[in-house]
Every structure is written in structure tokens, then in C-alpha cells.
$ cat work.tsv   # TSV, C-alpha atoms and all ligand atoms
chain	number	residue	atom	x	y	z
A	1	MET	CA	6.03	-5.32	-36.93
A	2	GLU	CA	5.41	-3.32	-33.76
A	3	ASP	CA	4.07	-6.40	-31.98
A	4	ASN	CA	7.27	-8.17	-32.93
A	5	LYS	CA	9.34	-5.47	-31.27
A	6	MET	CA	7.35	-5.73	-28.05
A	7	LYS	CA	7.53	-9.51	-28.14
A	8	ALA	CA	11.30	-9.42	-28.69
A	9	MET	CA	11.71	-7.15	-25.65
A	10	ILE	CA	9.55	-9.45	-23.52
A	11	ASP	CA	11.51	-12.52	-24.68
A	12	GLN	CA	14.73	-10.76	-23.73
A	13	ALA	CA	13.32	-9.86	-20.30
A	14	GLU	CA	12.29	-13.45	-19.71
A	15	GLN	CA	15.86	-14.59	-20.35
A	16	ASP	CA	17.40	-12.10	-17.96
A	17	LEU	CA	15.00	-11.34	-15.13
A	18	LEU	CA	14.32	-13.78	-12.33
A	19	HIS	CA	10.93	-15.41	-12.81
A	20	THR	CA	9.23	-13.97	-9.76
A	21	TYR	CA	6.28	-12.34	-11.54
A	22	ASN	CA	3.69	-13.47	-14.04
A	23	ARG	CA	3.75	-10.22	-15.94
A	24	TYR	CA	1.18	-8.93	-18.38
A	25	GLN	CA	2.60	-9.10	-21.91
A	26	ILE	CA	2.95	-5.34	-22.26
A	27	VAL	CA	6.01	-3.10	-22.20
A	28	LEU	CA	4.86	0.21	-20.74
A	29	ASP	CA	6.58	3.34	-21.92
A	30	ARG	CA	5.06	6.52	-20.52
A	31	GLY	CA	2.16	7.99	-18.61
A	32	ASP	CA	-0.01	11.06	-18.78
A	33	GLY	CA	-2.62	11.83	-16.09
A	34	MET	CA	-4.85	8.75	-15.77
A	35	TYR	CA	-3.45	7.09	-18.87
A	36	LEU	CA	-0.51	4.83	-19.68
A	37	TYR	CA	1.00	4.12	-23.09
A	38	ASP	CA	2.91	1.04	-24.18
A	39	ILE	CA	5.90	1.17	-26.51
A	40	ASN	CA	3.57	0.89	-29.51
A	41	GLY	CA	1.65	3.95	-28.38
A	42	LYS	CA	-1.45	1.98	-27.31
A	43	LYS	CA	-3.35	3.91	-24.64
A	44	TYR	CA	-4.67	2.41	-21.41
A	45	LEU	CA	-6.87	3.88	-18.70
A	46	ASP	CA	-5.08	2.98	-15.47
A	47	PHE	CA	-7.05	1.83	-12.43
A	48	MET	CA	-4.06	0.19	-10.79
A	49	SER	CA	-1.78	3.24	-10.41
A	50	GLY	CA	1.35	1.13	-10.01
A	51	ILE	CA	-0.37	-0.75	-7.13
A	52	ALA	CA	-1.80	2.23	-5.24
A	53	VAL	CA	1.32	4.33	-5.78
A	54	PHE	CA	0.66	7.10	-8.30
A	55	ALA	CA	-1.85	9.11	-6.26
A	56	LEU	CA	-1.15	12.20	-8.38
A	57	GLY	CA	-1.57	10.44	-11.71
A	58	TYR	CA	1.26	10.50	-14.23
A	59	GLY	CA	3.25	13.54	-15.25
A	60	ASN	CA	2.25	15.99	-12.51
A	61	LYS	CA	4.38	18.94	-13.57
A	62	ALA	CA	5.01	20.54	-10.18
A	63	TYR	CA	6.05	17.16	-8.75
A	64	ASN	CA	8.34	16.41	-11.70
A	65	ASP	CA	9.88	19.88	-11.56
A	66	ALA	CA	10.60	19.54	-7.84
A	67	LEU	CA	12.40	16.24	-8.48
A	68	LYS	CA	14.44	17.73	-11.32
A	69	ALA	CA	15.44	20.69	-9.15
A	70	GLN	CA	16.58	18.36	-6.37
A	71	ILE	CA	18.62	16.27	-8.82
A	72	ASP	CA	20.53	19.39	-9.84
A	73	LYS	CA	21.14	20.30	-6.20
A	74	ILE	CA	22.10	17.00	-4.58
A	75	LEU	CA	20.80	13.43	-4.68
A	76	HIS	CA	22.34	11.84	-1.65
A	77	THR	CA	24.32	12.76	1.44
A	78	SER	CA	24.09	9.79	3.91
A	79	ASN	CA	22.42	9.75	7.29
A	80	TYR	CA	25.60	10.98	8.97
A	81	PHE	CA	24.42	14.48	8.03
A	82	TYR	CA	21.17	16.39	8.18
A	83	ASN	CA	19.54	17.49	4.96
A	84	GLU	CA	16.84	20.08	4.49
A	85	PRO	CA	14.35	18.01	2.44
A	86	ALA	CA	14.37	15.31	5.16
A	87	ILE	CA	13.92	17.84	7.97
A	88	THR	CA	10.98	19.38	6.15
A	89	ALA	CA	9.46	16.02	5.18
A	90	ALA	CA	9.67	14.68	8.74
A	91	ALA	CA	7.92	17.73	10.19
A	92	ARG	CA	5.22	17.62	7.52
A	93	LEU	CA	4.65	13.88	7.84
A	94	LYS	CA	4.27	14.26	11.60
A	95	LYS	CA	1.72	17.01	11.04
A	96	VAL	CA	-0.42	15.16	8.48
A	97	SER	CA	-0.27	11.88	10.40
A	98	GLY	CA	-0.53	12.95	14.02
A	99	MET	CA	2.46	10.76	14.96
A	100	ASP	CA	5.55	12.11	16.75
A	101	ARG	CA	8.74	10.50	15.37
A	102	VAL	CA	9.70	9.48	11.85
A	103	PHE	CA	12.22	7.08	10.33
A	104	PHE	CA	12.49	7.10	6.52
A	105	THR	CA	12.95	3.85	4.61
A	106	ASN	CA	13.23	2.81	0.95
A	107	SER	CA	10.16	0.59	0.75
A	108	GLY	CA	7.08	-0.63	2.52
A	109	ALA	CA	8.58	-3.92	3.65
A	110	GLU	CA	11.48	-2.03	5.16
A	111	ALA	CA	9.06	0.21	7.05
A	112	VAL	CA	7.42	-2.92	8.47
A	113	GLU	CA	10.85	-4.25	9.48
A	114	GLY	CA	11.51	-1.04	11.37
A	115	ALA	CA	8.10	-1.10	13.03
A	116	LEU	CA	8.67	-4.68	14.24
A	117	LYS	CA	12.18	-3.94	15.48
A	118	SER	CA	10.84	-0.90	17.36
A	119	ALA	CA	8.16	-3.01	19.02
A	120	MET	CA	10.66	-5.74	19.95
A	121	LYS	CA	13.13	-3.25	21.41
A	122	HIS	CA	10.34	-1.49	23.31
A	123	ALA	CA	9.33	-4.79	24.90
A	124	PHE	CA	12.96	-5.74	25.60
A	125	LEU	CA	13.54	-2.47	27.44
A	126	LYS	CA	10.38	-3.08	29.45
A	127	ASP	CA	10.90	-6.63	30.68
A	128	GLY	CA	14.30	-7.78	29.39
A	129	GLY	CA	12.68	-10.69	27.53
A	130	ARG	CA	14.25	-11.94	24.30
A	131	SER	CA	11.42	-14.04	22.88
A	132	HIS	CA	8.54	-11.66	22.37
A	133	GLN	CA	5.61	-12.51	20.16
A	134	VAL	CA	3.53	-10.50	17.73
A	135	ILE	CA	-0.12	-11.01	16.84
A	136	ALA	CA	-0.92	-10.42	13.16
A	137	MET	CA	-4.04	-11.07	11.09
A	138	GLU	CA	-4.93	-13.94	8.79
A	139	ASN	CA	-4.95	-12.83	5.16
A	140	SER	CA	-2.73	-9.86	5.94
A	141	PHE	CA	0.04	-8.62	3.69
A	142	HIS	CA	3.04	-6.75	5.08
A	143	GLY	CA	5.80	-7.35	2.51
A	144	ARG	CA	8.33	-9.90	1.31
A	145	THR	CA	11.41	-9.46	3.48
A	146	TYR	CA	11.83	-11.95	6.34
A	147	GLY	CA	10.46	-9.83	9.16
A	148	ALA	CA	7.55	-8.55	7.09
A	149	LEU	CA	6.92	-12.08	5.83
A	150	SER	CA	6.75	-13.29	9.44
A	151	VAL	CA	3.62	-11.20	9.99
A	152	THR	CA	2.08	-11.85	6.57
A	153	GLY	CA	-0.97	-14.06	7.05
A	154	ASN	CA	-0.69	-16.08	3.88
A	155	PRO	CA	0.97	-19.43	4.71
A	156	HIS	CA	1.74	-20.04	1.03
A	157	TYR	CA	4.10	-17.01	0.97
A	158	ARG	CA	6.06	-18.38	3.94
A	159	GLU	CA	6.10	-22.13	3.48
A	160	ALA	CA	9.36	-22.55	1.52
A	161	PHE	CA	11.39	-20.11	3.57
A	162	GLY	CA	12.17	-21.88	6.78
A	163	GLN	CA	12.03	-20.51	10.28
A	164	MET	CA	10.62	-16.98	10.38
A	165	PRO	CA	12.61	-14.47	12.47
A	166	CYS	CA	9.60	-13.25	14.44
A	167	ASP	CA	7.39	-15.43	16.60
A	168	VAL	CA	3.95	-14.60	15.22
A	169	GLN	CA	0.44	-15.80	15.85
A	170	PHE	CA	-2.46	-15.09	13.54
A	171	ALA	CA	-5.86	-13.84	14.64
A	172	ARG	CA	-8.92	-13.13	12.50
A	173	LEU	CA	-9.60	-9.61	11.25
A	174	ASN	CA	-12.67	-8.08	12.92
A	175	ASP	CA	-12.72	-10.78	15.60
A	176	LEU	CA	-11.40	-9.23	18.80
A	177	ASP	CA	-11.91	-12.43	20.76
A	178	SER	CA	-9.53	-14.23	18.40
A	179	VAL	CA	-6.87	-11.64	19.30
A	180	LYS	CA	-7.55	-11.89	23.02
A	181	ALA	CA	-7.32	-15.69	22.85
A	182	LEU	CA	-3.76	-15.49	21.50
A	183	TYR	CA	-2.48	-13.00	24.05
A	184	ASN	CA	0.10	-14.23	26.54
A	185	ASP	CA	2.87	-12.64	28.59
A	186	LYS	CA	5.27	-12.77	25.63
A	187	THR	CA	2.97	-10.77	23.35
A	188	CYS	CA	4.49	-7.36	22.61
A	189	ALA	CA	2.43	-5.99	19.71
A	190	VAL	CA	-0.52	-6.38	17.39
A	191	ILE	CA	-0.07	-5.46	13.72
A	192	VAL	CA	-3.03	-4.83	11.44
A	193	GLU	CA	-3.88	-3.14	8.14
A	194	PRO	CA	-6.85	-0.80	8.76
A	195	VAL	CA	-7.99	-1.93	5.31
A	196	GLN	CA	-6.49	-5.18	4.00
A	197	GLY	CA	-5.25	-4.65	0.45
A	198	GLU	CA	-3.63	-7.76	-1.06
A	199	GLY	CA	-5.77	-9.88	1.24
A	200	GLY	CA	-8.91	-8.77	-0.57
A	201	LEU	CA	-9.96	-5.17	0.16
A	202	LEU	CA	-11.33	-6.00	3.58
A	203	PRO	CA	-11.82	-3.02	5.90
A	204	ALA	CA	-11.22	-3.52	9.60
A	205	SER	CA	-14.34	-2.42	11.43
A	206	GLU	CA	-14.37	0.64	13.67
A	207	ASP	CA	-15.36	-1.56	16.62
A	208	PHE	CA	-12.47	-3.92	15.96
A	209	LEU	CA	-9.84	-1.17	15.73
A	210	LYS	CA	-11.17	0.61	18.81
A	211	GLY	CA	-11.34	-2.73	20.60
A	212	LEU	CA	-7.73	-3.44	19.66
A	213	ARG	CA	-6.67	-0.03	20.94
A	214	ALA	CA	-8.39	-0.60	24.28
A	215	PHE	CA	-7.01	-4.14	24.56
A	216	CYS	CA	-3.42	-3.07	23.78
A	217	ASP	CA	-3.70	-0.27	26.34
A	218	GLU	CA	-5.04	-2.67	28.95
A	219	LYS	CA	-2.17	-5.12	28.39
A	220	GLY	CA	0.53	-2.50	27.85
A	221	ILE	CA	1.43	-3.77	24.37
A	222	LEU	CA	1.88	-1.81	21.14
A	223	LEU	CA	-0.61	-1.37	18.33
A	224	ILE	CA	0.92	-1.15	14.85
A	225	PHE	CA	-1.12	0.02	11.86
A	226	ASP	CA	0.22	-0.82	8.41
A	227	GLU	CA	-1.01	2.11	6.30
A	228	ILE	CA	1.22	1.35	3.33
A	229	GLN	CA	-1.68	0.76	0.95
A	230	CYS	CA	-4.72	2.27	2.71
A	231	GLY	CA	-2.90	5.43	3.85
A	232	MET	CA	-2.15	8.69	2.06
A	233	GLY	CA	-5.76	9.64	1.49
A	234	ARG	CA	-6.89	6.53	-0.34
A	235	THR	CA	-9.83	5.84	1.97
A	236	GLY	CA	-10.95	9.46	2.24
A	237	SER	CA	-8.87	10.50	5.26
A	238	MET	CA	-5.12	11.10	5.21
A	239	PHE	CA	-4.63	7.82	7.07
A	240	ALA	CA	-7.41	5.25	7.39
A	241	TRP	CA	-7.28	5.26	11.20
A	242	HIS	CA	-7.98	9.01	11.29
A	243	ARG	CA	-11.66	8.21	10.75
A	244	PHE	CA	-11.85	6.38	14.07
A	245	GLY	CA	-10.50	8.82	16.63
A	246	ILE	CA	-7.80	6.45	17.84
A	247	ARG	CA	-4.03	6.45	17.34
A	248	PRO	CA	-1.62	3.55	16.85
A	249	ASP	CA	1.70	3.41	18.71
A	250	ILE	CA	3.55	2.73	15.46
A	251	MET	CA	2.48	3.26	11.87
A	252	THR	CA	3.98	2.32	8.52
A	253	CYS	CA	3.63	4.25	5.29
A	254	ALA	CA	5.00	3.85	1.73
A	255	LYS	CA	3.47	3.40	-1.75
A	256	ALA	CA	1.77	6.79	-2.44
A	257	LEU	CA	4.14	8.55	-0.04
A	258	GLY	CA	6.66	8.80	-2.88
A	259	CYS	CA	4.25	8.65	-5.84
A	260	GLY	CA	6.83	6.74	-7.87
A	261	VAL	CA	10.05	7.45	-6.00
A	262	PRO	CA	10.74	4.43	-3.78
A	263	VAL	CA	10.27	5.69	-0.24
A	264	GLY	CA	8.65	4.54	2.96
A	265	ALA	CA	8.52	5.51	6.60
A	266	PHE	CA	7.67	4.19	10.00
A	267	LEU	CA	6.35	6.60	12.57
A	268	MET	CA	5.73	6.30	16.28
A	269	THR	CA	4.47	8.10	19.33
A	270	GLU	CA	6.91	10.06	21.47
A	271	GLU	CA	6.55	7.41	24.17
A	272	VAL	CA	7.73	4.62	21.84
A	273	GLY	CA	10.33	6.95	20.33
A	274	GLN	CA	11.83	7.55	23.77
A	275	SER	CA	11.91	3.87	24.58
A	276	SER	CA	12.88	1.79	21.55
A	277	LEU	CA	15.51	2.21	18.84
A	278	VAL	CA	18.63	4.22	19.65
A	279	ALA	CA	21.84	5.01	17.77
A	280	GLY	CA	23.33	1.76	16.51
A	281	ASP	CA	20.04	-0.17	16.53
A	282	HIS	CA	18.86	0.57	13.03
A	283	GLY	CA	19.93	2.30	9.85
A	284	THR	CA	19.76	2.57	6.09
A	285	THR	CA	22.09	4.04	3.48
A	286	TYR	CA	19.51	5.57	1.18
A	287	GLY	CA	16.52	6.02	3.51
A	288	GLY	CA	15.56	9.66	3.91
A	289	ASN	CA	18.01	10.94	1.35
A	290	PRO	CA	17.47	14.42	-0.13
A	291	PHE	CA	15.98	13.12	-3.37
A	292	ALA	CA	13.56	10.74	-1.67
A	293	CYS	CA	12.48	13.42	0.78
A	294	ALA	CA	12.11	16.04	-1.96
A	295	ALA	CA	9.66	13.57	-3.50
A	296	ILE	CA	7.73	13.30	-0.24
A	297	ASN	CA	7.59	17.09	0.06
A	298	ALA	CA	6.45	17.48	-3.53
A	299	VAL	CA	3.78	14.81	-2.96
A	300	LEU	CA	2.50	16.58	0.16
A	301	ASP	CA	2.53	19.91	-1.73
A	302	GLN	CA	0.29	18.40	-4.39
A	303	TYR	CA	-2.03	16.83	-1.80
A	304	GLU	CA	-2.58	20.37	-0.52
A	305	ALA	CA	-2.71	22.14	-3.88
A	306	LEU	CA	-5.20	19.63	-5.33
A	307	ASP	CA	-7.06	19.10	-2.04
A	308	LEU	CA	-6.71	15.41	-2.87
A	309	VAL	CA	-8.17	13.84	0.26
A	310	HIS	CA	-11.29	15.95	-0.15
A	311	HIS	CA	-11.43	14.93	-3.81
A	312	VAL	CA	-11.49	11.29	-2.71
A	313	THR	CA	-14.42	11.89	-0.36
A	314	GLU	CA	-16.25	13.67	-3.20
A	315	THR	CA	-15.53	11.23	-6.01
A	316	ALA	CA	-15.16	7.79	-4.40
A	317	PRO	CA	-18.92	7.46	-3.71
A	318	TYR	CA	-19.37	7.51	-7.49
A	319	LEU	CA	-16.97	4.56	-7.77
A	320	THR	CA	-19.01	2.79	-5.08
A	321	GLN	CA	-22.27	3.41	-6.98
A	322	THR	CA	-20.74	2.34	-10.25
A	323	LEU	CA	-19.33	-0.90	-8.87
A	324	ASP	CA	-22.64	-1.59	-7.10
A	325	ARG	CA	-24.33	-1.25	-10.46
A	326	LEU	CA	-21.93	-3.70	-12.10
A	327	ALA	CA	-22.40	-6.10	-9.18
A	328	SER	CA	-26.17	-6.07	-9.60
A	329	GLN	CA	-25.87	-6.39	-13.37
A	330	TYR	CA	-23.60	-9.46	-13.44
A	331	SER	CA	-24.42	-12.45	-11.28
A	332	CYS	CA	-20.82	-13.69	-11.50
A	333	ILE	CA	-19.97	-10.83	-9.10
A	334	THR	CA	-20.72	-12.14	-5.62
A	335	GLU	CA	-19.58	-9.25	-3.44
A	336	HIS	CA	-18.52	-5.62	-3.57
A	337	ARG	CA	-16.41	-4.26	-0.73
A	338	GLY	CA	-13.78	-1.72	0.24
A	339	VAL	CA	-13.74	1.99	0.95
A	340	GLY	CA	-12.79	5.19	-0.89
A	341	PHE	CA	-10.47	4.51	-3.81
A	342	MET	CA	-9.66	1.08	-2.43
A	343	GLN	CA	-12.45	-1.22	-3.52
A	344	GLY	CA	-12.87	-4.72	-4.81
A	345	LEU	CA	-15.32	-6.87	-6.74
A	346	VAL	CA	-15.40	-10.53	-5.75
A	347	PHE	CA	-16.20	-12.94	-8.58
A	348	ASP	CA	-17.36	-16.55	-8.52
A	349	ARG	CA	-14.46	-17.39	-10.85
A	350	PRO	CA	-10.82	-16.47	-11.47
A	351	VAL	CA	-10.59	-12.89	-12.72
A	352	GLY	CA	-7.42	-13.33	-14.82
A	353	PRO	CA	-9.26	-13.71	-18.15
A	354	ILE	CA	-11.47	-10.67	-17.43
A	355	ILE	CA	-8.45	-8.53	-16.52
A	356	ARG	CA	-6.58	-9.63	-19.66
A	357	ASP	CA	-9.61	-8.88	-21.80
A	358	ALA	CA	-10.00	-5.44	-20.20
A	359	MET	CA	-6.35	-4.80	-20.93
A	360	ASP	CA	-6.83	-5.66	-24.59
A	361	LYS	CA	-9.67	-3.12	-24.55
A	362	GLY	CA	-7.42	-0.46	-23.00
A	363	LEU	CA	-8.07	-0.70	-19.25
A	364	ILE	CA	-5.45	-1.66	-16.67
A	365	LEU	CA	-6.73	-3.39	-13.54
A	366	ILE	CA	-5.14	-5.52	-10.86
A	367	ASN	CA	-6.42	-8.51	-8.94
A	368	ALA	CA	-6.18	-9.22	-5.21
A	369	GLY	CA	-6.13	-12.98	-4.95
A	370	ALA	CA	-7.49	-15.16	-7.75
A	371	ASN	CA	-11.15	-14.07	-7.65
A	372	ILE	CA	-11.07	-10.38	-6.80
A	373	ILE	CA	-10.57	-7.35	-9.02
A	374	ARG	CA	-9.02	-4.50	-7.08
A	375	PHE	CA	-9.72	-0.83	-7.83
A	376	VAL	CA	-6.91	1.41	-6.60
A	377	PRO	CA	-6.79	4.27	-9.11
A	378	ALA	CA	-4.94	7.55	-8.75
A	379	LEU	CA	-6.58	9.89	-6.25
A	380	VAL	CA	-7.08	12.44	-9.07
A	381	THR	CA	-9.62	10.08	-10.70
A	382	GLU	CA	-12.72	11.91	-11.99
A	383	LYS	CA	-16.23	10.60	-12.62
A	384	GLU	CA	-15.60	10.44	-16.36
A	385	HIS	CA	-12.72	8.01	-15.76
A	386	ILE	CA	-14.98	5.86	-13.59
A	387	ASP	CA	-17.58	5.80	-16.42
A	388	GLU	CA	-14.92	4.86	-18.95
A	389	MET	CA	-13.61	2.12	-16.65
A	390	ALA	CA	-17.11	0.70	-16.09
A	391	GLU	CA	-17.86	0.61	-19.80
A	392	ILE	CA	-14.71	-1.34	-20.64
A	393	LEU	CA	-14.97	-3.63	-17.62
A	394	GLY	CA	-18.64	-4.33	-18.34
A	395	ALA	CA	-17.75	-5.36	-21.89
A	396	ALA	CA	-14.91	-7.57	-20.62
A	397	ILE	CA	-17.20	-9.29	-18.11
A	398	ALA	CA	-19.95	-9.77	-20.69
A	399	GLY	CA	-17.42	-11.20	-23.15
A	400	ASN	CA	-16.22	-13.70	-20.58
A	401	LEU	CA	-19.75	-14.76	-19.66
A	402	ALA	CA	-20.50	-15.41	-23.32
A	403	GLU	CA	-17.55	-17.77	-23.73
B	501	LIG	C1	2.67	-3.10	-0.59
B	501	LIG	C2	2.52	-3.35	0.84
B	501	LIG	C3	3.63	-3.64	1.66
B	501	LIG	C4	5.02	-3.84	1.11
B	501	LIG	O1	5.51	-2.69	0.50
B	501	LIG	P1	6.78	-2.81	-0.49
B	501	LIG	O2	7.10	-1.38	-0.82
B	501	LIG	O3	6.31	-3.60	-1.66
B	501	LIG	O4	7.85	-3.48	0.24
B	501	LIG	C5	3.42	-3.79	3.02
B	501	LIG	N1	2.19	-3.64	3.55
B	501	LIG	C6	1.11	-3.36	2.80
B	501	LIG	C7	-0.21	-3.18	3.46
B	501	LIG	C8	1.23	-3.21	1.42
B	501	LIG	O5	0.15	-2.98	0.67
$ encode --input "work.tsv" --output "C-alpha cells"
Amino acid sequence: MEDNKMKAMIDQAEQDLLHTYNRYQIVLDRGDGMYLYDINGKKYLDFMSGIAVFALGYGNKAYNDALKAQIDKILHTSNYFYNEPAITAAARLKKVSGMDRVFFTNSGAEAVEGALKSAMKHAFLKDGGRSHQVIAMENSFHGRTYGALSVTGNPHYREAFGQMPCDVQFARLNDLDSVKALYNDKTCAVIVEPVQGEGGLLPASEDFLKGLRAFCDEKGILLIFDEIQCGMGRTGSMFAWHRFGIRPDIMTCAKALGCGVPVGAFLMTEEVGQSSLVAGDHGTTYGGNPFACAAINAVLDQYEALDLVHHVTETAPYLTQTLDRLASQYSCITEHRGVGFMQGLVFDRPVGPIIRDAMDKGLILINAGANIIRFVPALVTEKEHIDEMAEILGAAIAGNLAE
């Protein structure tokens, strides 16, 4: 009976929604802490957190209350006025990031668009050229809009969509020589994820990022870090690059920045801020509205109140140990990589059946490519959740080996 209701809803969805996702056959209904419930009340431990979004877990009361209070005050004003939540959020985001100027967006892809436009304008002001190039990384993921797609290093995502708006060349992550080989006098920026997410939980090495910084300085081009997935504490520092004592010229942020409210931001140094986008160059109707910025402020409040980044450094090593154990237990796992609460297990086979089996057993996971299971849980994850996850996942892997 209940299954019929869920199936009827899914059938309806499949008639109405564009077929751009292969969705799991579950209609989710509500969340509580680390757990999600479908419309039949079935409970799932969530190690996906809405794709690295719900850092606070579900139903954080202070966060929810702050949103409700802002709804009763005002939702939207337009960027023709100042609003207090945005003023506060900008100052706080500068402080926690170490960047100097902020532009609020509605999504990650839109933050990448803004970062690329800033870099292009910066180069245009410098040499008047109109055909600047960007160097991005193979296997990278920066979003689905045209500009962001231009720098996304997965040819399959781009192939049907014609000429890309940005002239982009792809180097190999952690191979500085491959970046240097692509440089020419049209190159204006290098964009890189300090830890590749969609591309397979691959951390950029400290040497590579420092090498990029030195190379960009030497050539007078901009270094852009996409921190949309690896930022906001997920790797054990507020932003992944904080661990390396360097600073990008431009940085993007989204996903956990809103913890469920769709927000993003691109940030830059004062130098780039003074010499890139000006009035008339860029805009957004919703970006930085009072509701979105109240969400950012409430998120940052909870990061402080729960000391979340510290919690990651304390708890993530237990995830590392646990996944190491699974990797040594099951020979179908060929590699374990990642950092903090952004880790992956690489399998010698497609992981779809394992993920579906885990879901039947009450555990939500996400893949990254066909053969990798990605672990991006809420930052409030405790050891007991990691144990529960490992037990279910172990059973799902064992079940699949037996078949
Ligand atoms: C998710 C993601 C994006 C795109 O963000 P959207 O909000 O989905 O547009 C860009 N870059 C990285 C690294 C991401 O993980």
C-alpha cells in the first residue's frame, strides 16, 4: 500500500520532470540530525548530506529559527539597496576566508561564472586583449552552466553543447609541468579544486598548489580555487587552501555555505577587486538577498557554536581508519583516498549495485564516477555514525561479492 503511494509519486515525477537525473527510487520527506526519512517513514543514515551541503545535519534548531525570523522580517530587497544580513555575511565571510571582497550568488556554478568573468576582466584591463585563455584541470568539476562547463575537465559533459564561451586548456592535477607547458601570452588564470570532488576525491598536493601560486605570481596571472565542495571546513580547515599557507586571487564557495538555502559566493583579493568587475559588469536578482544571507550568518554562527572545523579534525581520522579497514577487508576496493570528511573508496567494479543495496539497508551514499563511493557526511558526524555506516556498507559489499 505504502510502496504503491511512493511508486505513484515517482511515476508522476517521471512524467513531469525533465529526465536529467537517474534518481534513486525514494521520495524523501524529512530529516533529523544525521538521518533522513522517506514518505513511508523508513529511516536512512545519510553520508551524502545533499552532496556536501548539510554540514550542520538536518533540523538544527538555531539555524531553522534564524531563517524563520528572517522570513517574518523580509525575504528580498534587490541589490539596489543594502541589507543588514548581507553586510554582516560579507564581513564574516571575509574574516573566515582571508579574502577581501565578496560577491554573493545563488549557486556554485554561478560563483564560478563570476570568478571567470573577474579573471577575464582583470586581464582585459591589463593588456586590452579580448581572447584570453584559462588553464583548468582534467577531471575537474566546476558546474553545468556554459562558463563553468568550459572549465570542467570531463569532455563527455561538454561534447553535445557546441562552442564553449571560454577558451580553456586542460592540464593534469598535481603535474605542474603540464600547467607550465600550456602557458602562453593569452593565459589569464588557472582554476583548480584544492580537492577534486566529482572527479574522484583527489586532493591537490601541497607542492602542486604552492607551485601553482609561485608560477601564477611569476607570470602575473590569477589563481582561482574552487572551494565549493572542499571548503567550509570539510577537509579540516575552513577552506582547504588554508592548510598550505598560500592564498588564491579568487575563490568560489557554495554548497555548505547555505546548508540547504541555495547560496554561493565568489571572493577575491583587494588587488583583483580594484581591477576587475565594476558597476554594470555583473549582477544577480536574488544573489545576496536578506534571506540567503541570514542563512549564511546562521551557518557561520553554528560553525562557531559547535566548533565544527575542530570537530572535523577530531573525528575525520576515525573515518579514515574505518575506510582503511574496509579497504583491507575487501579486495574489490582498490584504493582509499581523500581528506577530512571528503573521502572515497575506489572499487574494481561499478558501485551502483552496492549503493542501492546500502540504501535498502538504510544508508544513503553517493558515487563519484562509476567506480567510486564518495563519503561527504555532515560535519556533525560522530564516531557512532561512522560505525553504523561501516556496518551497513560492509554488509552491502559482502552481499554484492556473494552474487
Ligand atoms: C557542486 C560543485 C559546483 C557547482 O555547484 P552548483 O551549486 O551545483 O552549481 C562547482 N564546483 C564544485 C567543485 C562543485 O563541487
$ residues_around --input "work.tsv" --residues "Leu308 (chain A)" --least-positions-apart "4" --cutoff "7 Å" --atoms "only C-alpha atoms" --output "list in words"
Tyr303, Glu304, Val312, Leu379 and Val380 of chain A
$ residues_near_ligand --input "work.tsv" --ligand "ligand LIG 501 (chain B)" --cutoff "7 Å" --atoms "only C-alpha atoms and all ligand atoms" --output "MDAnalysis selection string"
chainID A and resid 107:110 112 141:144 193 196:198 226:229 254:255
$ atom_distance --input "work.tsv" --atom1 "CA of Ile221 (chain A)" --atom2 "CA of Tyr183 (chain A)"
10.0 Å
$ residues_around --input "work.tsv" --residues "Lys361 (chain A)" --least-positions-apart "3" --cutoff "9 Å" --atoms "all atoms listed in the file" --output "PyMOL selection string"
chain A and resi 44+356-358+392-393+395-396
$ residues_around --input "work.tsv" --residues "Val272 (chain A)" --least-positions-apart "5" --cutoff "10 Å" --atoms "all atoms listed in the file" --output "ChimeraX atom specification"
/A:100-101,118-119,121-122,222,249-250,267,277
$ closest_residue --input "work.tsv" --among "A:Gln133, A:Ser178, A:Ser140, A:Thr320" --to "Pro194 (chain A)" --atoms "all atoms listed in the file"
A:Ser140
$ atom_distance --input "work.tsv" --atom1 "CA of Val190 (chain A)" --atom2 "CA of Ala91 (chain A)"
26.5 Å
$ residues_near_point --input "work.tsv" --point "(17.7, -3.0, 8.3)" --cutoff "8 Å" --atoms "all atoms listed in the file" --output "ChimeraX atom specification"
/A:110,113-114,282-284
$ write_last_selection --input "work.tsv" --atoms "C-alpha atoms" --output "PDB file, in the coordinates of the input"
ATOM      1  CA  GLU A 110      11.480  -2.030   5.160  1.00  0.00           C
ATOM      2  CA  GLU A 113      10.850  -4.250   9.480  1.00  0.00           C
ATOM      3  CA  GLY A 114      11.510  -1.040  11.370  1.00  0.00           C
ATOM      4  CA  HIS A 282      18.860   0.570  13.030  1.00  0.00           C
ATOM      5  CA  GLY A 283      19.930   2.300   9.850  1.00  0.00           C
ATOM      6  CA  THR A 284      19.760   2.570   6.090  1.00  0.00           C
TER       7      THR A 284
END
$ residues_around --input "work.tsv" --residues "Trp241 (chain A)" --least-positions-apart "5" --cutoff "12 Å" --atoms "only C-alpha atoms" --output "count of residues only"
35
$ closest_residue --input "work.tsv" --among "A:Leu345, A:Met268, A:Ala52, A:Ile71" --to "Ala115 (chain A)" --atoms "all atoms listed in the file"
A:Met268
$ atom_distance --input "work.tsv" --atom1 "CA of Gly340 (chain A)" --atom2 "CA of Ala316 (chain A)"
5.0 Å
